[in-house]
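Reading through the structure tokens given below for one structure.
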Amino acid sequence: MNDDQVESLLTEFKARMSIYHSSEDVELKNMLQGSYDAVNRMTGVSDITNNQFKELVIERTRYVYNDQAEFFEDNFLSTIIGLSLQAYGKETSDDKSTNL
């Protein structure tokens with residue numbers, strides 16, 4: 001993720017969490033980057049413009065922020081699997097179209 005994407009996610013996360021100060025911004029950016037990496041690993045998706053992917057990154061960051069990260073995967077399993085299958089399906093259809 002580039003700096004602009006991190007800043008954009010930070011703004012969205014702070015709005016979601018009603019955080020109006022900047023004293024935690026560095027830590028929040030690290031949490032967002034870690035969540036981006038984790039959700040990417042879980043789903044195979046890295047496109048931050050994908051709304052489901054972005055939502056998962058923000059939600060995982062919320063869990064991390066509240067010291068509840070261990071519950072994220074179980075609570076969002078269906079979304080994680082759905083996004084993974086969507087990415088896999090797109091990858092497979094892209095492969096078929098290039099082989100024609």
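In the structure tokens, chains take letters A, B, ... by order of appearance, with residues numbered from 1 within each chain and ligands from 1 in the order shown.
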
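Near range 9-22 of chain A, within 8 Å and counting only C-alpha atoms, sit A:Gln5, A:Val6, A:Asp25, A:Leu28, A:Lys29, A:Leu32, A:Ile58, A:Arg62, not including residues fewer than 3 positions from it in the same chain.
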
Prev. selection, C-alpha atoms, output as an mmCIF file, in the first residue's frame:
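out_30.cif, written as the output of this step:
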data_model
loop_
_atom_site.group_PDB
_atom_site.id
_atom_site.type_symbol
_atom_site.label_atom_id
_atom_site.label_comp_id
_atom_site.auth_asym_id
_atom_site.auth_seq_id
_atom_site.Cartn_x
_atom_site.Cartn_y
_atom_site.Cartn_z
ATOM 1 C CA GLN A 5 -3.787 4.715 0.309
ATOM 2 C CA VAL A 6 -2.739 4.433 3.957
ATOM 3 C CA ASP A 25 -1.948 8.007 13.839
ATOM 4 C CA LEU A 28 -3.086 3.174 13.508
ATOM 5 C CA LYS A 29 -1.184 3.270 10.212
ATOM 6 C CA LEU A 32 -3.867 -0.760 8.929
ATOM 7 C CA ILE A 58 -10.856 -1.751 8.283
ATOM 8 C CA ARG A 62 -10.928 -2.419 14.473
#

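For Gly82 in chain A, the residues within 9 Å (counting only C-alpha atoms, excluding itself and residues fewer than 5 positions away along the chain) are Thr43, Leu77 and Ala87 of chain A.
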
Write to file, as an mmCIF file, in the first residue's frame, the residues of the selection just made, with all heavy atoms.
data_model
loop_
_atom_site.group_PDB
_atom_site.id
_atom_site.type_symbol
_atom_site.label_atom_id
_atom_site.label_comp_id
_atom_site.auth_asym_id
_atom_site.auth_seq_id
_atom_site.Cartn_x
_atom_site.Cartn_y
_atom_site.Cartn_z
ATOM 1 N N THR A 43 -6.993 -13.835 1.613
ATOM 2 C CA THR A 43 -7.888 -13.823 0.456
ATOM 3 C C THR A 43 -7.178 -13.896 -0.889
ATOM 4 O O THR A 43 -7.802 -14.249 -1.884
ATOM 5 C CB THR A 43 -8.737 -12.540 0.445
ATOM 6 O OG1 THR A 43 -7.881 -11.399 0.301
ATOM 7 C CG2 THR A 43 -9.573 -12.418 1.707
ATOM 8 N N LEU A 77 -15.401 -15.098 8.479
ATOM 9 C CA LEU A 77 -14.989 -16.226 7.643
ATOM 10 C C LEU A 77 -15.752 -16.286 6.320
ATOM 11 O O LEU A 77 -15.158 -16.498 5.261
ATOM 12 C CB LEU A 77 -15.125 -17.541 8.404
ATOM 13 C CG LEU A 77 -14.558 -18.770 7.712
ATOM 14 C CD1 LEU A 77 -13.070 -18.592 7.443
ATOM 15 C CD2 LEU A 77 -14.799 -20.009 8.568
ATOM 16 N N ALA A 87 -11.875 -13.793 -6.149
ATOM 17 C CA ALA A 87 -10.547 -13.524 -6.708
ATOM 18 C C ALA A 87 -10.055 -14.728 -7.506
ATOM 19 O O ALA A 87 -9.491 -14.576 -8.584
ATOM 20 C CB ALA A 87 -9.566 -13.187 -5.594
#

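Counting only C-alpha atoms and comparing A:Met31, A:Ser23, A:Leu56, A:Thr49, the residue that lies closest to Ser78 in chain A is A:Leu56.
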
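Taking CA of Val26 in chain A and CA of Met1 in chain A as the two end points, the separation is 15.0 Å.
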
(request) Could you check which of A:Leu85, A:Asn30, A:Ala38, A:Phe53 is closest to Phe72 in chain A, using only C-alpha atoms? (result) A:Ala38

(message) At a cut-off of 8 Å, using only C-alpha atoms, what residues contact Ala69 in chain A? Leave out same-chain residues fewer than 5 positions from it and give the result as a PyMOL selection string.
(response) chain A and resi 60+63-64

(request) Quote the spacing between CA of Asp74 in chain A and CA of Gln86 in chain A in Å to one decimal place. (result) 19.1 Å

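The closest residue to Glu24 in chain A, picked from A:Tyr65, A:Met42, A:Glu73, A:Ile81 and counting only C-alpha atoms, is A:Tyr65.
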
Looking only at alpha helix (DSSP H) from DSSP on the backbone, list the matching residues of range 5-93 of chain A as a PDB file with C-alpha atoms, in the first residue's frame.
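states02.pdb, freshly written:
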ATOM      1  CA  GLN A   5      -3.787   4.715   0.309  1.00  0.00           C
ATOM      2  CA  VAL A   6      -2.739   4.433   3.957  1.00  0.00           C
ATOM      3  CA  GLU A   7      -3.830   8.032   4.604  1.00  0.00           C
ATOM      4  CA  SER A   8      -7.182   7.396   2.938  1.00  0.00           C
ATOM      5  CA  LEU A   9      -7.744   4.242   5.002  1.00  0.00           C
ATOM      6  CA  LEU A  10      -6.677   6.080   8.140  1.00  0.00           C
ATOM      7  CA  THR A  11      -9.295   8.751   7.500  1.00  0.00           C
ATOM      8  CA  GLU A  12     -11.998   6.118   6.946  1.00  0.00           C
ATOM      9  CA  PHE A  13     -10.954   4.131  10.000  1.00  0.00           C
ATOM     10  CA  LYS A  14     -10.902   7.171  12.274  1.00  0.00           C
ATOM     11  CA  ALA A  15     -14.363   8.199  11.049  1.00  0.00           C
ATOM     12  CA  ARG A  16     -15.664   4.656  11.639  1.00  0.00           C
ATOM     13  CA  MET A  17     -14.228   4.616  15.154  1.00  0.00           C
ATOM     14  CA  ASP A  25      -1.948   8.007  13.839  1.00  0.00           C
ATOM     15  CA  VAL A  26       1.429   6.257  13.564  1.00  0.00           C
ATOM     16  CA  GLU A  27       0.176   3.222  15.483  1.00  0.00           C
ATOM     17  CA  LEU A  28      -3.086   3.174  13.508  1.00  0.00           C
ATOM     18  CA  LYS A  29      -1.184   3.270  10.212  1.00  0.00           C
ATOM     19  CA  ASN A  30       0.877   0.286  11.362  1.00  0.00           C
ATOM     20  CA  MET A  31      -2.321  -1.558  12.314  1.00  0.00           C
ATOM     21  CA  LEU A  32      -3.867  -0.760   8.929  1.00  0.00           C
ATOM     22  CA  GLN A  33      -0.771  -1.971   7.079  1.00  0.00           C
ATOM     23  CA  GLY A  34      -0.694  -5.144   9.159  1.00  0.00           C
ATOM     24  CA  SER A  35      -4.385  -5.734   8.485  1.00  0.00           C
ATOM     25  CA  TYR A  36      -3.877  -5.114   4.769  1.00  0.00           C
ATOM     26  CA  ASP A  37      -1.101  -7.728   4.743  1.00  0.00           C
ATOM     27  CA  ALA A  38      -3.157 -10.222   6.772  1.00  0.00           C
ATOM     28  CA  VAL A  39      -6.312  -9.875   4.662  1.00  0.00           C
ATOM     29  CA  ASN A  40      -4.211 -10.111   1.500  1.00  0.00           C
ATOM     30  CA  ARG A  41      -2.709 -13.355   2.831  1.00  0.00           C
ATOM     31  CA  MET A  42      -6.169 -14.725   3.721  1.00  0.00           C
ATOM     32  CA  THR A  43      -7.888 -13.823   0.456  1.00  0.00           C
ATOM     33  CA  ASN A  51     -14.936  -2.453  -1.348  1.00  0.00           C
ATOM     34  CA  GLN A  52     -15.115  -5.878   0.326  1.00  0.00           C
ATOM     35  CA  PHE A  53     -11.348  -6.024   0.686  1.00  0.00           C
ATOM     36  CA  LYS A  54     -11.231  -2.498   2.107  1.00  0.00           C
ATOM     37  CA  GLU A  55     -14.032  -3.317   4.554  1.00  0.00           C
ATOM     38  CA  LEU A  56     -12.164  -6.415   5.757  1.00  0.00           C
ATOM     39  CA  VAL A  57      -8.979  -4.377   6.273  1.00  0.00           C
ATOM     40  CA  ILE A  58     -10.856  -1.751   8.283  1.00  0.00           C
ATOM     41  CA  GLU A  59     -12.767  -4.344  10.311  1.00  0.00           C
ATOM     42  CA  ARG A  60      -9.621  -6.317  11.104  1.00  0.00           C
ATOM     43  CA  THR A  61      -7.950  -3.086  12.192  1.00  0.00           C
ATOM     44  CA  ARG A  62     -10.928  -2.419  14.473  1.00  0.00           C
ATOM     45  CA  TYR A  63     -10.455  -5.832  16.052  1.00  0.00           C
ATOM     46  CA  VAL A  64      -6.712  -5.230  16.491  1.00  0.00           C
ATOM     47  CA  TYR A  65      -7.375  -1.767  17.967  1.00  0.00           C
ATOM     48  CA  PHE A  72     -11.648 -11.613  13.411  1.00  0.00           C
ATOM     49  CA  GLU A  73     -11.194 -14.652  11.165  1.00  0.00           C
ATOM     50  CA  ASP A  74     -14.028 -16.628  12.755  1.00  0.00           C
ATOM     51  CA  ASN A  75     -16.426 -13.680  12.668  1.00  0.00           C
ATOM     52  CA  LEU A  77     -14.989 -16.226   7.643  1.00  0.00           C
ATOM     53  CA  SER A  78     -17.820 -16.190   5.118  1.00  0.00           C
ATOM     54  CA  THR A  79     -16.720 -12.815   3.710  1.00  0.00           C
ATOM     55  CA  ILE A  80     -13.081 -13.932   3.604  1.00  0.00           C
ATOM     56  CA  ILE A  81     -14.000 -17.123   1.741  1.00  0.00           C
ATOM     57  CA  GLY A  82     -16.350 -15.295  -0.607  1.00  0.00           C
ATOM     58  CA  LEU A  83     -13.716 -12.734  -1.521  1.00  0.00           C
ATOM     59  CA  SER A  84     -11.133 -15.496  -1.994  1.00  0.00           C
ATOM     60  CA  LEU A  85     -13.444 -17.401  -4.320  1.00  0.00           C
ATOM     61  CA  GLN A  86     -14.264 -14.238  -6.235  1.00  0.00           C
ATOM     62  CA  ALA A  87     -10.547 -13.524  -6.708  1.00  0.00           C
ATOM     63  CA  TYR A  88      -9.869 -17.138  -7.684  1.00  0.00           C
ATOM     64  CA  GLY A  89     -12.740 -17.089 -10.193  1.00  0.00           C
ATOM     65  CA  LYS A  90     -11.465 -13.890 -11.751  1.00  0.00           C
ATOM     66  CA  GLU A  91      -7.938 -15.295 -11.925  1.00  0.00           C
ATOM     67  CA  THR A  92      -9.196 -18.473 -13.603  1.00  0.00           C
ATOM     68  CA  SER A  93     -11.301 -16.598 -16.167  1.00  0.00           C
TER      69      SER A  93
END
